[in-house]
2 protein chains.
Amino acid sequence: MLKYQQIAIDIEKYIEEHNLQQRDKLPVLENLMARFNVSKSTITKSLDLLEKKGVVYQVRGSGIFVRRHNRKGYISLLSNQGFKKDLEEFNVTSEVVELKVCQPTEEVAYNLNIDQHQKVYYVKRIRYINGQTLCLEESYYNKSSVTYLNWEIASESIFHYIQEGLGLKVGFSDIYLHVDKLNEEEAAYLGLKEGDPKLFMESIFHLTNGQPFDFSKVTYNYEQSQFFLQANSHIL
Amino acid sequence: MLKYQQIAIDIEKYIEEHNLQQRDKLPVLENLMARFNVSKSTITKSLDLLEKKGVVYQVRGSGIFVRRHNRKGYISLLSNQGFKKDLEEFNVTSEVVELKVCQPTEEVAYNLNIDQHQKVYYVKRIRYINGQTLCLEESYYNKSSVTYLNWEIASESIFHYIQEGLGLKVGFSDIYLHVDKLNEEEAAYLGLKEGDPKLFMESIFHLTNGQPFDFSKVTYNYEQSQFFLQANSHIL
């Protein structure tokens with residue numbers, strides 16, 4: 001980890017420990033430099049990173065302010081860490097329904113940017129929050145990247161394993177979503193009624209080298225899920 | 001506009017004109033510097049901005065590649081420009097149902113960070129895409145920021161007016177969403193049935209100085225709307 005990344009984490013801790021709220025002002029640059037004992041260029045890079053992450057916003061000529069969404073229990077749409085982390089205060093568990101190696105359909109191969117002769121891990125899980133169904137998840141992992149998976153790993157956080165166990169570097173992702181009605185099978189898995197609303201989300205997760213490694217389709221229980229995201233201005 | 005912002009726009013044009021696709025490689029830095037006749041530090045800043053915007057991704061030691069979501073007709077959840085821009089190829093129109101100045105409820109005052117004695121513009125619109133209902137929108141604009149609105153402006157893009165007409169600088173936004181069933185009134189406005197699915201989205205738009213100026217609640221017609229977003233890795 002680079003110096004400015006560590007300092008960014010330290011500043012987040014500072015915000016946490018001082019219980020700073022949305023619109024609270026951070027100490028001025030000189031104070032931050034002194035407090036964390038780093039150069040102006042390092043602290044500037046740390047603050048830019050935190051701005052990208054939606055942790056602070058900078059107002060030219062006025063200072064750096066805390067950005068803190070203030071609703072609990074919402075799942076971040078921008079987190080690439082899986083939602084276990086957003087819902088830390090809740091009890092999120094997974095039940096693996098199916099786990100196998102197979103050849104991808106045309107749709108899956110297209111989204112993973114592989115050809116249909118290559119292999120994928122297919123994982124189907126039901127995820128629970130505080131004992132209620134949260135979502136039905138079907139994921140396809142490119143086996144050239146995610147070389148090994150088993151039932152036990154799939155019962156926990158697959159993303160944690162991919163990063164810590166396999167040492168893969170998770171990069172950007174593309175997410176598509178729409179709302180529809182549950183079909184009979186989905187309703188059965190989620191304990192809802194056929195025709196009830198669903199949020200259907202397709203995500204393509206890429207490694208930092210740009211290669212897609214996970215194409216996932218998630219059907220959310222509308223009664224148990226709510227989402228937030230933070231958008232930045234792009235000055236363009 | 002600063003030099004690097006203009007160059008970023010030029011690089012986007014270059015990608016467009018050369019019809020580059022996801023994972024296509026951009027020319028190396030030296031070539032870009034020569035082509036656009038700028039310094040290395042400028043081209044680097046342009047590319048960083050384009051990476052933030054989800055237009056390119058950079059692979060250390062390997063180059064800069066195009067990132068281009070490849071599904072048409074999806075509304076960007078991260079655009080702060082209103083969705084008219086995403087759906088340019090479609091015919092998006094608005095019907096104003098109500099427009100008035102009023103005092104905010106406690107909920108609205110809280111989300112706009114004002115007190116209940118201050119005034120807001122309330123605008124209720126139905127938006128159409130190719131003649132079909134796209135969404136029902138209720139927006140509350142802080143009247144100290146959005147000092148004037150009328151029926152004609154509300155029939156067009158309010159965000160365009162806010163930026164070009166009033167000269168306000170739109171900054172970051174916080175977005176909350178969940179799925180639910182339409183009530184009778186919503187169903188009537190959208191031409192759907194009570195109990196049909198809806199995507200309900202609340203957004204708080206801020207000026208670049210951090211002050212919220214628009215709190216909006218939008219109920220989407222699930223048959224006409226689909227969304228995408230691009231998430232970046234934050235290396236933290």
# chains A, B, ... in the order shown; residues from 1 in each chain; ligands from 1

call {"tool": "interface_residues", "arguments": {"of": "chain A", "to": "chain B", "cutoff": "6 Å", "atoms": "only C-alpha atoms", "output": "CSV table (one decimal) with N, CA, C and O atoms, in the first residue's frame"}}
result
chain,number,residue,atom,x,y,z
A,59,VAL,N,-14.3,22.2,-1.4
A,59,VAL,CA,-14.9,23.4,-2.0
A,59,VAL,C,-13.7,24.4,-2.1
A,59,VAL,O,-13.1,24.8,-1.1
A,78,LEU,N,-21.9,0.9,-5.5
A,78,LEU,CA,-20.6,1.1,-6.1
A,78,LEU,C,-19.5,0.3,-5.4
A,78,LEU,O,-18.4,0.3,-5.8
A,171,GLY,N,-10.8,-4.7,-10.1
A,171,GLY,CA,-10.8,-3.4,-10.7
A,171,GLY,C,-12.3,-2.8,-10.8
A,171,GLY,O,-13.0,-2.9,-9.9
A,172,PHE,N,-12.6,-2.4,-12.0
A,172,PHE,CA,-13.9,-1.7,-12.2
A,172,PHE,C,-15.0,-2.7,-12.5
A,172,PHE,O,-14.7,-3.9,-12.8
A,173,SER,N,-16.2,-2.2,-12.4
A,173,SER,CA,-17.3,-3.1,-12.8
A,173,SER,C,-18.4,-2.3,-13.5
A,173,SER,O,-18.5,-1.1,-13.4
A,174,ASP,N,-19.1,-3.0,-14.4
A,174,ASP,CA,-20.3,-2.5,-15.1
A,174,ASP,C,-21.5,-3.1,-14.5
A,174,ASP,O,-21.6,-4.3,-14.4
A,175,ILE,N,-22.5,-2.3,-14.2
A,175,ILE,CA,-23.7,-2.8,-13.5
A,175,ILE,C,-25.0,-2.4,-14.3
A,175,ILE,O,-25.1,-1.2,-14.7
A,176,TYR,N,-25.8,-3.3,-14.6
A,176,TYR,CA,-27.1,-3.1,-15.3
A,176,TYR,C,-28.2,-3.5,-14.4
A,176,TYR,O,-28.2,-4.6,-13.8
A,177,LEU,N,-29.3,-2.7,-14.3
A,177,LEU,CA,-30.4,-3.1,-13.5
A,177,LEU,C,-31.7,-2.7,-14.0
A,177,LEU,O,-31.8,-1.7,-14.7
A,178,HIS,N,-32.7,-3.5,-13.7
A,178,HIS,CA,-34.1,-3.1,-14.0
A,178,HIS,C,-35.0,-3.8,-13.0
A,178,HIS,O,-34.6,-4.7,-12.3
A,179,VAL,N,-36.2,-3.4,-13.1
A,179,VAL,CA,-37.2,-3.9,-12.2
A,179,VAL,C,-38.2,-4.8,-13.0
A,179,VAL,O,-38.5,-4.5,-14.1
A,197,PRO,N,-42.7,-7.8,-7.0
A,197,PRO,CA,-41.6,-7.0,-7.7
A,197,PRO,C,-40.3,-7.6,-7.4
A,197,PRO,O,-40.1,-8.3,-6.3
A,209,ASN,N,-6.5,-5.5,-14.7
A,209,ASN,CA,-6.0,-5.6,-16.1
A,209,ASN,C,-7.1,-5.5,-17.1
A,209,ASN,O,-6.8,-5.6,-18.3
A,222,TYR,N,-37.5,-7.5,-2.7
A,222,TYR,CA,-37.7,-6.1,-2.6
A,222,TYR,C,-38.1,-5.7,-1.2
A,222,TYR,O,-37.9,-4.5,-0.8
A,226,GLN,N,-32.5,-2.3,0.0
A,226,GLN,CA,-32.5,-0.9,-0.4
A,226,GLN,C,-31.0,-0.5,-0.7
A,226,GLN,O,-30.1,-1.0,-0.1
A,227,PHE,N,-30.9,0.5,-1.6
A,227,PHE,CA,-29.6,0.7,-2.1
A,227,PHE,C,-29.2,2.2,-2.1
A,227,PHE,O,-30.1,3.1,-2.1
A,228,PHE,N,-28.0,2.5,-2.0
A,228,PHE,CA,-27.6,3.9,-2.2
A,228,PHE,C,-26.4,4.0,-3.1
A,228,PHE,O,-25.6,3.0,-3.3
A,229,LEU,N,-26.2,5.1,-3.7
A,229,LEU,CA,-24.9,5.4,-4.3
A,229,LEU,C,-24.6,6.9,-4.3
A,229,LEU,O,-25.5,7.7,-4.1
A,230,GLN,N,-23.4,7.1,-4.4
A,230,GLN,CA,-22.9,8.5,-4.3
A,230,GLN,C,-22.3,8.9,-5.7
A,230,GLN,O,-21.4,8.2,-6.2
A,231,ALA,N,-22.8,9.9,-6.2
A,231,ALA,CA,-22.3,10.3,-7.5
A,231,ALA,C,-21.5,11.6,-7.4
A,231,ALA,O,-21.8,12.5,-6.6
A,232,ASN,N,-20.4,11.6,-8.1
A,232,ASN,CA,-19.5,12.8,-8.1
A,232,ASN,C,-19.7,13.6,-9.3
A,232,ASN,O,-20.1,13.1,-10.4
A,233,SER,N,-19.5,14.9,-9.2
A,233,SER,CA,-19.5,15.8,-10.4
A,233,SER,C,-18.2,15.5,-11.1
A,233,SER,O,-17.2,15.2,-10.6

call {"tool": "calpha_fit_rmsd", "arguments": {"fixed": "chain B", "moving": "chain A"}}
result
0.1 Å

call {"tool": "residues_around", "arguments": {"residues": "A:Lys143", "least_positions_apart": "6", "cutoff": "12 Å", "atoms": "only C-alpha atoms", "output": "list in words"}}
result
Lys100, Val101, Cys102, Gln103, Pro104, Ala109, Leu112, Ile114, His117, Gln118, Lys119, Val120, Tyr121, Tyr122, Leu149, Ile162, Pro212, Phe213, Asp214 and Phe215 of chain A

call {"tool": "write_last_selection", "arguments": {"atoms": "N, CA, C and O atoms", "output": "short mmCIF file (atom, residue, chain, number, x, y, z; two decimals), in the first residue's frame"}}
result
data_model
loop_
_atom_site.label_atom_id
_atom_site.label_comp_id
_atom_site.auth_asym_id
_atom_site.auth_seq_id
_atom_site.Cartn_x
_atom_site.Cartn_y
_atom_site.Cartn_z
N LYS A 100 -20.75 -25.74 -9.69
CA LYS A 100 -20.21 -26.68 -10.67
C LYS A 100 -19.30 -25.96 -11.67
O LYS A 100 -19.36 -24.74 -11.81
N VAL A 101 -18.48 -26.73 -12.33
CA VAL A 101 -17.71 -26.23 -13.46
C VAL A 101 -18.47 -26.57 -14.73
O VAL A 101 -18.97 -27.71 -14.87
N CYS A 102 -18.63 -25.62 -15.62
CA CYS A 102 -19.36 -25.91 -16.85
C CYS A 102 -18.88 -25.01 -17.98
O CYS A 102 -18.02 -24.16 -17.78
N GLN A 103 -19.44 -25.23 -19.17
CA GLN A 103 -19.12 -24.34 -20.27
C GLN A 103 -20.16 -23.23 -20.33
O GLN A 103 -21.33 -23.45 -20.06
N PRO A 104 -19.69 -22.03 -20.68
CA PRO A 104 -20.60 -20.88 -20.63
C PRO A 104 -21.59 -20.88 -21.79
O PRO A 104 -21.27 -21.36 -22.88
N ALA A 109 -20.45 -16.20 -22.04
CA ALA A 109 -19.15 -16.08 -22.71
C ALA A 109 -18.93 -14.65 -23.20
O ALA A 109 -17.86 -14.07 -23.02
N LEU A 112 -18.20 -12.36 -20.26
CA LEU A 112 -16.88 -12.61 -19.66
C LEU A 112 -15.76 -12.43 -20.67
O LEU A 112 -14.58 -12.62 -20.33
N ILE A 114 -14.87 -14.34 -23.11
CA ILE A 114 -14.15 -15.58 -23.38
C ILE A 114 -14.89 -16.33 -24.49
O ILE A 114 -15.97 -15.90 -24.90
N HIS A 117 -15.59 -22.40 -25.45
CA HIS A 117 -14.85 -23.62 -25.10
C HIS A 117 -14.18 -23.50 -23.73
O HIS A 117 -13.77 -24.49 -23.16
N GLN A 118 -14.04 -22.29 -23.25
CA GLN A 118 -13.40 -22.13 -21.95
C GLN A 118 -14.37 -22.50 -20.84
O GLN A 118 -15.58 -22.58 -21.05
N LYS A 119 -13.83 -22.72 -19.65
CA LYS A 119 -14.66 -23.19 -18.54
C LYS A 119 -15.00 -22.06 -17.56
O LYS A 119 -14.23 -21.10 -17.41
N VAL A 120 -16.13 -22.20 -16.91
CA VAL A 120 -16.50 -21.27 -15.85
C VAL A 120 -16.97 -22.03 -14.61
O VAL A 120 -17.44 -23.18 -14.72
N TYR A 121 -16.80 -21.41 -13.46
CA TYR A 121 -17.49 -21.87 -12.26
C TYR A 121 -18.86 -21.24 -12.24
O TYR A 121 -18.99 -20.02 -12.43
N TYR A 122 -19.86 -22.05 -12.02
CA TYR A 122 -21.22 -21.54 -11.84
C TYR A 122 -21.60 -21.72 -10.37
O TYR A 122 -21.46 -22.82 -9.83
N LEU A 149 -12.63 -23.01 -6.62
CA LEU A 149 -13.73 -22.63 -5.71
C LEU A 149 -14.26 -23.91 -5.11
O LEU A 149 -14.25 -24.96 -5.76
N ILE A 162 -11.32 -14.32 -3.28
CA ILE A 162 -10.68 -13.99 -4.56
C ILE A 162 -9.52 -13.04 -4.36
O ILE A 162 -8.45 -13.18 -4.96
N PRO A 212 -12.71 -9.29 -17.59
CA PRO A 212 -13.85 -9.65 -16.74
C PRO A 212 -13.60 -11.01 -16.09
O PRO A 212 -13.10 -11.93 -16.74
N PHE A 213 -13.90 -11.14 -14.81
CA PHE A 213 -13.72 -12.45 -14.16
C PHE A 213 -15.00 -12.97 -13.56
O PHE A 213 -15.11 -14.13 -13.21
N ASP A 214 -16.02 -12.11 -13.41
CA ASP A 214 -17.26 -12.53 -12.77
C ASP A 214 -18.44 -11.84 -13.45
O ASP A 214 -18.48 -10.62 -13.54
N PHE A 215 -19.36 -12.65 -13.95
CA PHE A 215 -20.63 -12.12 -14.47
C PHE A 215 -21.70 -12.64 -13.55
O PHE A 215 -21.87 -13.86 -13.39
#

call {"tool": "atom_distance", "arguments": {"atom1": "atom CA of A:Val55", "atom2": "atom CA of A:Tyr4"}}
result
14.9 Å

call {"tool": "select_by_dssp", "arguments": {"residues": "stretch 118-183 of chain B", "states": "strand (DSSP E)", "output": "MDAnalysis selection string"}}
result
chainID B and resid 120:129 132:142 170:181

call {"tool": "atom_distance", "arguments": {"atom1": "atom CA of A:Ser139", "atom2": "atom CA of B:Thr219"}}
result
29.3 Å

call {"tool": "residues_around", "arguments": {"residues": "B:Leu32", "least_positions_apart": "4", "cutoff": "12 Å", "atoms": "only C-alpha atoms", "output": "list in words"}}
result
Ile7, Ala8, Asp10, Ile11, Tyr14, Leu26, Pro27, Val28, Phe36, Asn37, Val38, Ser39, Lys40, Ser41, Thr42, Ile43, Thr44, Ser46, Leu47, Gly63 and Ile64 of chain B

call {"tool": "atom_distance", "arguments": {"atom1": "atom CA of B:Ser94", "atom2": "atom CA of B:Ser155"}}
result
5.3 Å

call {"tool": "residues_around", "arguments": {"residues": "stretch 124-126 of chain B", "least_positions_apart": "3", "cutoff": "12 Å", "atoms": "only C-alpha atoms", "output": "PyMOL selection string"}}
result
chain B and resi 92-101+121+129+131-141+151+153-158+186-191+216-221

call {"tool": "select_by_dssp", "arguments": {"residues": "stretch 73-234 of chain B", "states": "alpha helix (DSSP H)", "output": "PyMOL selection string"}}
result
chain B and resi 106-112+151-155+158-160+184-190

call {"tool": "write_last_selection", "arguments": {"atoms": "N, CA, C and O atoms", "output": "PDB file, in the first residue's frame"}}
result
ATOM      1  N   GLU B 106     -41.157  18.461   6.964  1.00  0.00           N
ATOM      2  CA  GLU B 106     -39.982  18.173   7.784  1.00  0.00           C
ATOM      3  C   GLU B 106     -38.986  17.320   7.000  1.00  0.00           C
ATOM      4  O   GLU B 106     -37.784  17.567   7.017  1.00  0.00           O
ATOM      5  N   GLU B 107     -39.518  16.311   6.281  1.00  0.00           N
ATOM      6  CA  GLU B 107     -38.663  15.411   5.490  1.00  0.00           C
ATOM      7  C   GLU B 107     -37.893  16.180   4.411  1.00  0.00           C
ATOM      8  O   GLU B 107     -36.690  15.990   4.235  1.00  0.00           O
ATOM      9  N   VAL B 108     -38.612  17.047   3.703  1.00  0.00           N
ATOM     10  CA  VAL B 108     -37.976  17.808   2.624  1.00  0.00           C
ATOM     11  C   VAL B 108     -36.950  18.786   3.189  1.00  0.00           C
ATOM     12  O   VAL B 108     -35.832  18.900   2.678  1.00  0.00           O
ATOM     13  N   ALA B 109     -37.313  19.479   4.264  1.00  0.00           N
ATOM     14  CA  ALA B 109     -36.398  20.441   4.893  1.00  0.00           C
ATOM     15  C   ALA B 109     -35.121  19.724   5.339  1.00  0.00           C
ATOM     16  O   ALA B 109     -34.003  20.212   5.127  1.00  0.00           O
ATOM     17  N   TYR B 110     -35.289  18.546   5.913  1.00  0.00           N
ATOM     18  CA  TYR B 110     -34.133  17.773   6.378  1.00  0.00           C
ATOM     19  C   TYR B 110     -33.213  17.432   5.208  1.00  0.00           C
ATOM     20  O   TYR B 110     -31.999  17.629   5.276  1.00  0.00           O
ATOM     21  N   ASN B 111     -33.791  16.941   4.134  1.00  0.00           N
ATOM     22  CA  ASN B 111     -32.970  16.504   2.999  1.00  0.00           C
ATOM     23  C   ASN B 111     -32.340  17.682   2.256  1.00  0.00           C
ATOM     24  O   ASN B 111     -31.299  17.526   1.626  1.00  0.00           O
ATOM     25  N   LEU B 112     -32.970  18.848   2.320  1.00  0.00           N
ATOM     26  CA  LEU B 112     -32.392  20.037   1.677  1.00  0.00           C
ATOM     27  C   LEU B 112     -31.521  20.834   2.653  1.00  0.00           C
ATOM     28  O   LEU B 112     -30.960  21.868   2.283  1.00  0.00           O
ATOM     29  N   TRP B 151     -43.531  27.272 -15.580  1.00  0.00           N
ATOM     30  CA  TRP B 151     -44.157  26.114 -16.232  1.00  0.00           C
ATOM     31  C   TRP B 151     -43.384  25.713 -17.500  1.00  0.00           C
ATOM     32  O   TRP B 151     -43.151  24.541 -17.759  1.00  0.00           O
ATOM     33  N   GLU B 152     -42.959  26.711 -18.254  1.00  0.00           N
ATOM     34  CA  GLU B 152     -42.278  26.456 -19.529  1.00  0.00           C
ATOM     35  C   GLU B 152     -40.913  25.797 -19.284  1.00  0.00           C
ATOM     36  O   GLU B 152     -40.559  24.819 -19.952  1.00  0.00           O
ATOM     37  N   ILE B 153     -40.174  26.332 -18.320  1.00  0.00           N
ATOM     38  CA  ILE B 153     -38.867  25.742 -17.983  1.00  0.00           C
ATOM     39  C   ILE B 153     -39.048  24.300 -17.512  1.00  0.00           C
ATOM     40  O   ILE B 153     -38.319  23.396 -17.912  1.00  0.00           O
ATOM     41  N   ALA B 154     -40.068  24.084 -16.669  1.00  0.00           N
ATOM     42  CA  ALA B 154     -40.298  22.748 -16.111  1.00  0.00           C
ATOM     43  C   ALA B 154     -40.729  21.741 -17.177  1.00  0.00           C
ATOM     44  O   ALA B 154     -40.602  20.536 -16.986  1.00  0.00           O
ATOM     45  N   SER B 155     -41.215  22.246 -18.314  1.00  0.00           N
ATOM     46  CA  SER B 155     -41.579  21.334 -19.409  1.00  0.00           C
ATOM     47  C   SER B 155     -40.350  20.841 -20.154  1.00  0.00           C
ATOM     48  O   SER B 155     -40.411  19.882 -20.920  1.00  0.00           O
ATOM     49  N   ILE B 158     -34.953  20.936 -16.559  1.00  0.00           N
ATOM     50  CA  ILE B 158     -34.725  21.877 -15.452  1.00  0.00           C
ATOM     51  C   ILE B 158     -33.222  21.976 -15.157  1.00  0.00           C
ATOM     52  O   ILE B 158     -32.707  23.049 -14.863  1.00  0.00           O
ATOM     53  N   PHE B 159     -32.514  20.848 -15.265  1.00  0.00           N
ATOM     54  CA  PHE B 159     -31.076  20.876 -14.980  1.00  0.00           C
ATOM     55  C   PHE B 159     -30.300  21.722 -15.974  1.00  0.00           C
ATOM     56  O   PHE B 159     -29.357  22.412 -15.608  1.00  0.00           O
ATOM     57  N   HIS B 160     -30.697  21.669 -17.222  1.00  0.00           N
ATOM     58  CA  HIS B 160     -30.057  22.520 -18.213  1.00  0.00           C
ATOM     59  C   HIS B 160     -30.248  23.995 -17.827  1.00  0.00           C
ATOM     60  O   HIS B 160     -29.309  24.793 -17.827  1.00  0.00           O
ATOM     61  N   GLU B 184     -52.303   3.294  -5.935  1.00  0.00           N
ATOM     62  CA  GLU B 184     -53.338   3.571  -6.930  1.00  0.00           C
ATOM     63  C   GLU B 184     -53.023   4.832  -7.741  1.00  0.00           C
ATOM     64  O   GLU B 184     -53.131   4.852  -8.973  1.00  0.00           O
ATOM     65  N   GLU B 185     -52.592   5.898  -7.026  1.00  0.00           N
ATOM     66  CA  GLU B 185     -52.323   7.178  -7.693  1.00  0.00           C
ATOM     67  C   GLU B 185     -51.158   7.049  -8.684  1.00  0.00           C
ATOM     68  O   GLU B 185     -51.237   7.510  -9.822  1.00  0.00           O
ATOM     69  N   GLU B 186     -50.074   6.421  -8.215  1.00  0.00           N
ATOM     70  CA  GLU B 186     -48.894   6.254  -9.074  1.00  0.00           C
ATOM     71  C   GLU B 186     -49.244   5.438 -10.320  1.00  0.00           C
ATOM     72  O   GLU B 186     -48.826   5.758 -11.435  1.00  0.00           O
ATOM     73  N   ALA B 187     -50.007   4.366 -10.096  1.00  0.00           N
ATOM     74  CA  ALA B 187     -50.397   3.498 -11.207  1.00  0.00           C
ATOM     75  C   ALA B 187     -51.197   4.296 -12.244  1.00  0.00           C
ATOM     76  O   ALA B 187     -50.985   4.159 -13.455  1.00  0.00           O
ATOM     77  N   ALA B 188     -52.071   5.149 -11.754  1.00  0.00           N
ATOM     78  CA  ALA B 188     -52.894   5.954 -12.657  1.00  0.00           C
ATOM     79  C   ALA B 188     -52.014   6.882 -13.502  1.00  0.00           C
ATOM     80  O   ALA B 188     -52.183   6.985 -14.714  1.00  0.00           O
ATOM     81  N   TYR B 189     -51.061   7.547 -12.849  1.00  0.00           N
ATOM     82  CA  TYR B 189     -50.167   8.453 -13.591  1.00  0.00           C
ATOM     83  C   TYR B 189     -49.339   7.702 -14.629  1.00  0.00           C
ATOM     84  O   TYR B 189     -49.074   8.209 -15.713  1.00  0.00           O
ATOM     85  N   LEU B 190     -48.899   6.502 -14.276  1.00  0.00           N
ATOM     86  CA  LEU B 190     -47.986   5.777 -15.172  1.00  0.00           C
ATOM     87  C   LEU B 190     -48.720   4.887 -16.166  1.00  0.00           C
ATOM     88  O   LEU B 190     -48.105   4.304 -17.066  1.00  0.00           O
TER      89      LEU B 190
END
